[in-house]
Amino acid sequence: MTSASGSEPRFIGIDLSGPILRAAIVNNNGQIEERREVKTEADQLLSQVAQVVSELRGVNANVEAVGIAVPGLVNRTTDRVIASRDFPSTVREDLHSEFTKAMGVRVEIENDANAAAYGEYKVGAGRGSRDMFYVTIGEGIGGAIILDGKLWTGASGFAGEFGHITIDTEGLECDCGNTGCLETVASGPNIVRRANERLYRDGTSSLSKLAINKNFTADDVAHEAKNGDDFSMMMIERTGKYIGTGVASVLNLLNIERVVLGGGVMDAGELILNPIIQEARRRAFQPCFEATQILAAMLRADAASIGVAMLARDAEA
Ligand SMILES: [Zn+2]
């Protein structure tokens, strides 16, 4: 790039939340200019990240900061990853200092859901709102709160754990120790569990396309629902109702102007969005419901890498 814009600052956003490391050069407007994707190796994470950053800085030398989105709780004050199911403990403790050393540039670490929320807020479905609540439905269910342009992370950095709102006091035990969390019915693996239980029980559901494929994922359920598979449509609708139940509580609590929902299951489009909205309407205090817009996320798999790059841009240097 030879134009004047070529010398504007750039930011690298890296998303470590999935099996594929997604890295991108993001410009000041939140647009991706260059990307790299690598299969992550847990024991080589640090060198993989350093390698990809070095490659991207080779493409554009104006990289001012690197943002890294990690699947775990991050204490931004100490820059420590407190809890993460995917990172070995040795990696977590000194992640920030190790990354900074390896890359020789300012590094910001953020929770993946917070990062994706910030991406949607700045350049996606949250654009134009002042306050936004973000939900991501994947292996777990994440949430993030943005108030007045800033991530609201709570007293110790862990606000927005939407997946652990209790929706069934007699429900299944959750990884967090509670029972009946939203995650125990509506996370990706739990959508699959519920679908399998029902396929096993119910003779008519053997007509479902899912019954043919034993190793299906929640994303498959979403896709088959979109293709018109009755059983998958029903599973997606019920999942939407559970999520809408949680959203209603959030609306009552925050009277928030926008709710943005992301994650692979949202690929089912209106089939999941409508039941979410209907259930939120049915359960929330009416003035709270009427003040809100509930939308599907726009940035899909790029949300966290764009968001964490924007966070690196906006963080105090
Ligand atoms: Zn829980």
# chains A, B, ... in the order shown; residues from 1 in each chain; ligands from 1
$ residues_around --residues "region 151-166 of chain A" --least-positions-apart "6" --cutoff "9 Å" --atoms "only C-alpha atoms" --output "ChimeraX atom specification"
/A:73-77,114,117-118,133-135,137,140-145,174,176,178-184,186-187,246-247,249-250
$ select_by_dssp --residues "region 178-276 of chain A" --states "helix (DSSP H, G or I)" --output "ChimeraX atom specification"
/A:183-186,188-201,203-207,209-211,218-226,230-254,264-268,270-276
$ closest_residue --among "A:Thr169, A:Thr204, A:Ser97, A:Ser232" --to "ligand 1" --atoms "only C-alpha atoms and all ligand atoms"
A:Thr169
$ residues_around --residues "Gly269 (chain A)" --least-positions-apart "2" --cutoff "10 Å" --atoms "only C-alpha atoms" --output "list of chain:residue names"
A:Ala222, A:His223, A:Ala225, A:Lys226, A:Val265, A:Met266, A:Asp267, A:Leu271, A:Ile272, A:Leu273, A:Asn274, A:Leu295, A:Ala296
$ decode --residues "region 122-134 of chain A" --atoms "all heavy atoms" --output "PDB file, in the first residue's frame"
ATOM      1  N   LYS A 122     -18.302  -2.036  17.998  1.00  0.00           N
ATOM      2  CA  LYS A 122     -17.605  -1.011  17.204  1.00  0.00           C
ATOM      3  C   LYS A 122     -17.958  -1.084  15.718  1.00  0.00           C
ATOM      4  O   LYS A 122     -18.145  -0.052  15.076  1.00  0.00           O
ATOM      5  CB  LYS A 122     -16.074  -1.183  17.366  1.00  0.00           C
ATOM      6  CG  LYS A 122     -15.560  -0.713  18.713  1.00  0.00           C
ATOM      7  CD  LYS A 122     -15.602   0.798  18.783  1.00  0.00           C
ATOM      8  CE  LYS A 122     -15.232   1.308  20.165  1.00  0.00           C
ATOM      9  NZ  LYS A 122     -15.360   2.762  20.286  1.00  0.00           N
ATOM     10  N   VAL A 123     -18.008  -2.292  15.164  1.00  0.00           N
ATOM     11  CA  VAL A 123     -18.201  -2.372  13.703  1.00  0.00           C
ATOM     12  C   VAL A 123     -19.277  -3.366  13.273  1.00  0.00           C
ATOM     13  O   VAL A 123     -19.460  -3.605  12.093  1.00  0.00           O
ATOM     14  CB  VAL A 123     -16.861  -2.703  12.962  1.00  0.00           C
ATOM     15  CG1 VAL A 123     -15.880  -1.571  13.090  1.00  0.00           C
ATOM     16  CG2 VAL A 123     -16.239  -3.986  13.468  1.00  0.00           C
ATOM     17  N   GLY A 124     -19.991  -3.971  14.212  1.00  0.00           N
ATOM     18  CA  GLY A 124     -20.988  -4.976  13.848  1.00  0.00           C
ATOM     19  C   GLY A 124     -22.395  -4.582  14.241  1.00  0.00           C
ATOM     20  O   GLY A 124     -22.799  -3.419  14.106  1.00  0.00           O
ATOM     21  N   ALA A 125     -23.147  -5.550  14.776  1.00  0.00           N
ATOM     22  CA  ALA A 125     -24.573  -5.352  15.053  1.00  0.00           C
ATOM     23  C   ALA A 125     -24.842  -4.406  16.227  1.00  0.00           C
ATOM     24  O   ALA A 125     -25.984  -4.006  16.448  1.00  0.00           O
ATOM     25  CB  ALA A 125     -25.229  -6.713  15.313  1.00  0.00           C
ATOM     26  N   GLY A 126     -23.798  -4.067  16.973  1.00  0.00           N
ATOM     27  CA  GLY A 126     -23.990  -3.165  18.108  1.00  0.00           C
ATOM     28  C   GLY A 126     -23.764  -1.711  17.757  1.00  0.00           C
ATOM     29  O   GLY A 126     -23.987  -0.805  18.569  1.00  0.00           O
ATOM     30  N   ARG A 127     -23.311  -1.497  16.532  1.00  0.00           N
ATOM     31  CA  ARG A 127     -22.964  -0.141  16.086  1.00  0.00           C
ATOM     32  C   ARG A 127     -24.116   0.828  16.268  1.00  0.00           C
ATOM     33  O   ARG A 127     -25.251   0.530  15.925  1.00  0.00           O
ATOM     34  CB  ARG A 127     -22.612  -0.210  14.612  1.00  0.00           C
ATOM     35  CG  ARG A 127     -21.342   0.522  14.312  1.00  0.00           C
ATOM     36  CD  ARG A 127     -20.964   0.298  12.906  1.00  0.00           C
ATOM     37  NE  ARG A 127     -20.368   1.528  12.399  1.00  0.00           N
ATOM     38  CZ  ARG A 127     -19.715   1.612  11.284  1.00  0.00           C
ATOM     39  NH1 ARG A 127     -19.616   0.552  10.523  1.00  0.00           N
ATOM     40  NH2 ARG A 127     -19.181   2.739  10.909  1.00  0.00           N
ATOM     41  N   GLY A 128     -23.791   2.002  16.787  1.00  0.00           N
ATOM     42  CA  GLY A 128     -24.830   3.028  16.937  1.00  0.00           C
ATOM     43  C   GLY A 128     -25.531   2.982  18.282  1.00  0.00           C
ATOM     44  O   GLY A 128     -26.269   3.894  18.623  1.00  0.00           O
ATOM     45  N   SER A 129     -25.324   1.904  19.046  1.00  0.00           N
ATOM     46  CA  SER A 129     -25.935   1.855  20.376  1.00  0.00           C
ATOM     47  C   SER A 129     -24.941   2.414  21.389  1.00  0.00           C
ATOM     48  O   SER A 129     -23.738   2.434  21.139  1.00  0.00           O
ATOM     49  CB  SER A 129     -26.321   0.425  20.753  1.00  0.00           C
ATOM     50  OG  SER A 129     -25.171  -0.390  20.877  1.00  0.00           O
ATOM     51  N   ARG A 130     -25.475   2.848  22.526  1.00  0.00           N
ATOM     52  CA  ARG A 130     -24.575   3.322  23.577  1.00  0.00           C
ATOM     53  C   ARG A 130     -24.264   2.166  24.527  1.00  0.00           C
ATOM     54  O   ARG A 130     -23.130   1.919  24.887  1.00  0.00           O
ATOM     55  CB  ARG A 130     -25.217   4.484  24.336  1.00  0.00           C
ATOM     56  CG  ARG A 130     -24.205   5.253  25.156  1.00  0.00           C
ATOM     57  CD  ARG A 130     -24.847   6.414  25.869  1.00  0.00           C
ATOM     58  NE  ARG A 130     -25.657   5.939  26.977  1.00  0.00           N
ATOM     59  CZ  ARG A 130     -26.117   6.695  27.959  1.00  0.00           C
ATOM     60  NH1 ARG A 130     -25.866   7.991  27.959  1.00  0.00           N
ATOM     61  NH2 ARG A 130     -26.825   6.187  28.929  1.00  0.00           N
ATOM     62  N   ASP A 131     -25.311   1.447  24.900  1.00  0.00           N
ATOM     63  CA  ASP A 131     -25.149   0.302  25.802  1.00  0.00           C
ATOM     64  C   ASP A 131     -25.561  -0.978  25.078  1.00  0.00           C
ATOM     65  O   ASP A 131     -26.530  -0.986  24.332  1.00  0.00           O
ATOM     66  CB  ASP A 131     -26.048   0.469  27.032  1.00  0.00           C
ATOM     67  CG  ASP A 131     -25.805   1.787  27.755  1.00  0.00           C
ATOM     68  OD1 ASP A 131     -24.634   2.230  27.779  1.00  0.00           O
ATOM     69  OD2 ASP A 131     -26.766   2.358  28.263  1.00  0.00           O
ATOM     70  N   MET A 132     -24.823  -2.041  25.326  1.00  0.00           N
ATOM     71  CA  MET A 132     -25.105  -3.279  24.605  1.00  0.00           C
ATOM     72  C   MET A 132     -24.808  -4.490  25.475  1.00  0.00           C
ATOM     73  O   MET A 132     -23.850  -4.490  26.241  1.00  0.00           O
ATOM     74  CB  MET A 132     -24.213  -3.317  23.361  1.00  0.00           C
ATOM     75  CG  MET A 132     -24.383  -4.539  22.493  1.00  0.00           C
ATOM     76  SD  MET A 132     -23.077  -4.594  21.216  1.00  0.00           S
ATOM     77  CE  MET A 132     -22.102  -5.966  21.829  1.00  0.00           C
ATOM     78  N   PHE A 133     -25.640  -5.502  25.340  1.00  0.00           N
ATOM     79  CA  PHE A 133     -25.352  -6.786  25.973  1.00  0.00           C
ATOM     80  C   PHE A 133     -25.070  -7.784  24.873  1.00  0.00           C
ATOM     81  O   PHE A 133     -25.801  -7.845  23.885  1.00  0.00           O
ATOM     82  CB  PHE A 133     -26.542  -7.251  26.836  1.00  0.00           C
ATOM     83  CG  PHE A 133     -26.246  -8.509  27.589  1.00  0.00           C
ATOM     84  CD1 PHE A 133     -25.376  -8.487  28.661  1.00  0.00           C
ATOM     85  CD2 PHE A 133     -26.824  -9.713  27.218  1.00  0.00           C
ATOM     86  CE1 PHE A 133     -25.077  -9.657  29.362  1.00  0.00           C
ATOM     87  CE2 PHE A 133     -26.520 -10.890  27.920  1.00  0.00           C
ATOM     88  CZ  PHE A 133     -25.652 -10.853  28.988  1.00  0.00           C
ATOM     89  N   TYR A 134     -24.003  -8.559  25.044  1.00  0.00           N
ATOM     90  CA  TYR A 134     -23.609  -9.505  24.011  1.00  0.00           C
ATOM     91  C   TYR A 134     -23.648 -10.926  24.560  1.00  0.00           C
ATOM     92  O   TYR A 134     -23.243 -11.171  25.689  1.00  0.00           O
ATOM     93  CB  TYR A 134     -22.188  -9.172  23.544  1.00  0.00           C
ATOM     94  CG  TYR A 134     -21.628 -10.140  22.542  1.00  0.00           C
ATOM     95  CD1 TYR A 134     -22.031 -10.096  21.202  1.00  0.00           C
ATOM     96  CD2 TYR A 134     -20.693 -11.101  22.917  1.00  0.00           C
ATOM     97  CE1 TYR A 134     -21.518 -10.991  20.284  1.00  0.00           C
ATOM     98  CE2 TYR A 134     -20.173 -11.997  21.991  1.00  0.00           C
ATOM     99  CZ  TYR A 134     -20.595 -11.931  20.671  1.00  0.00           C
ATOM    100  OH  TYR A 134     -20.086 -12.824  19.766  1.00  0.00           O
TER     101      TYR A 134
END
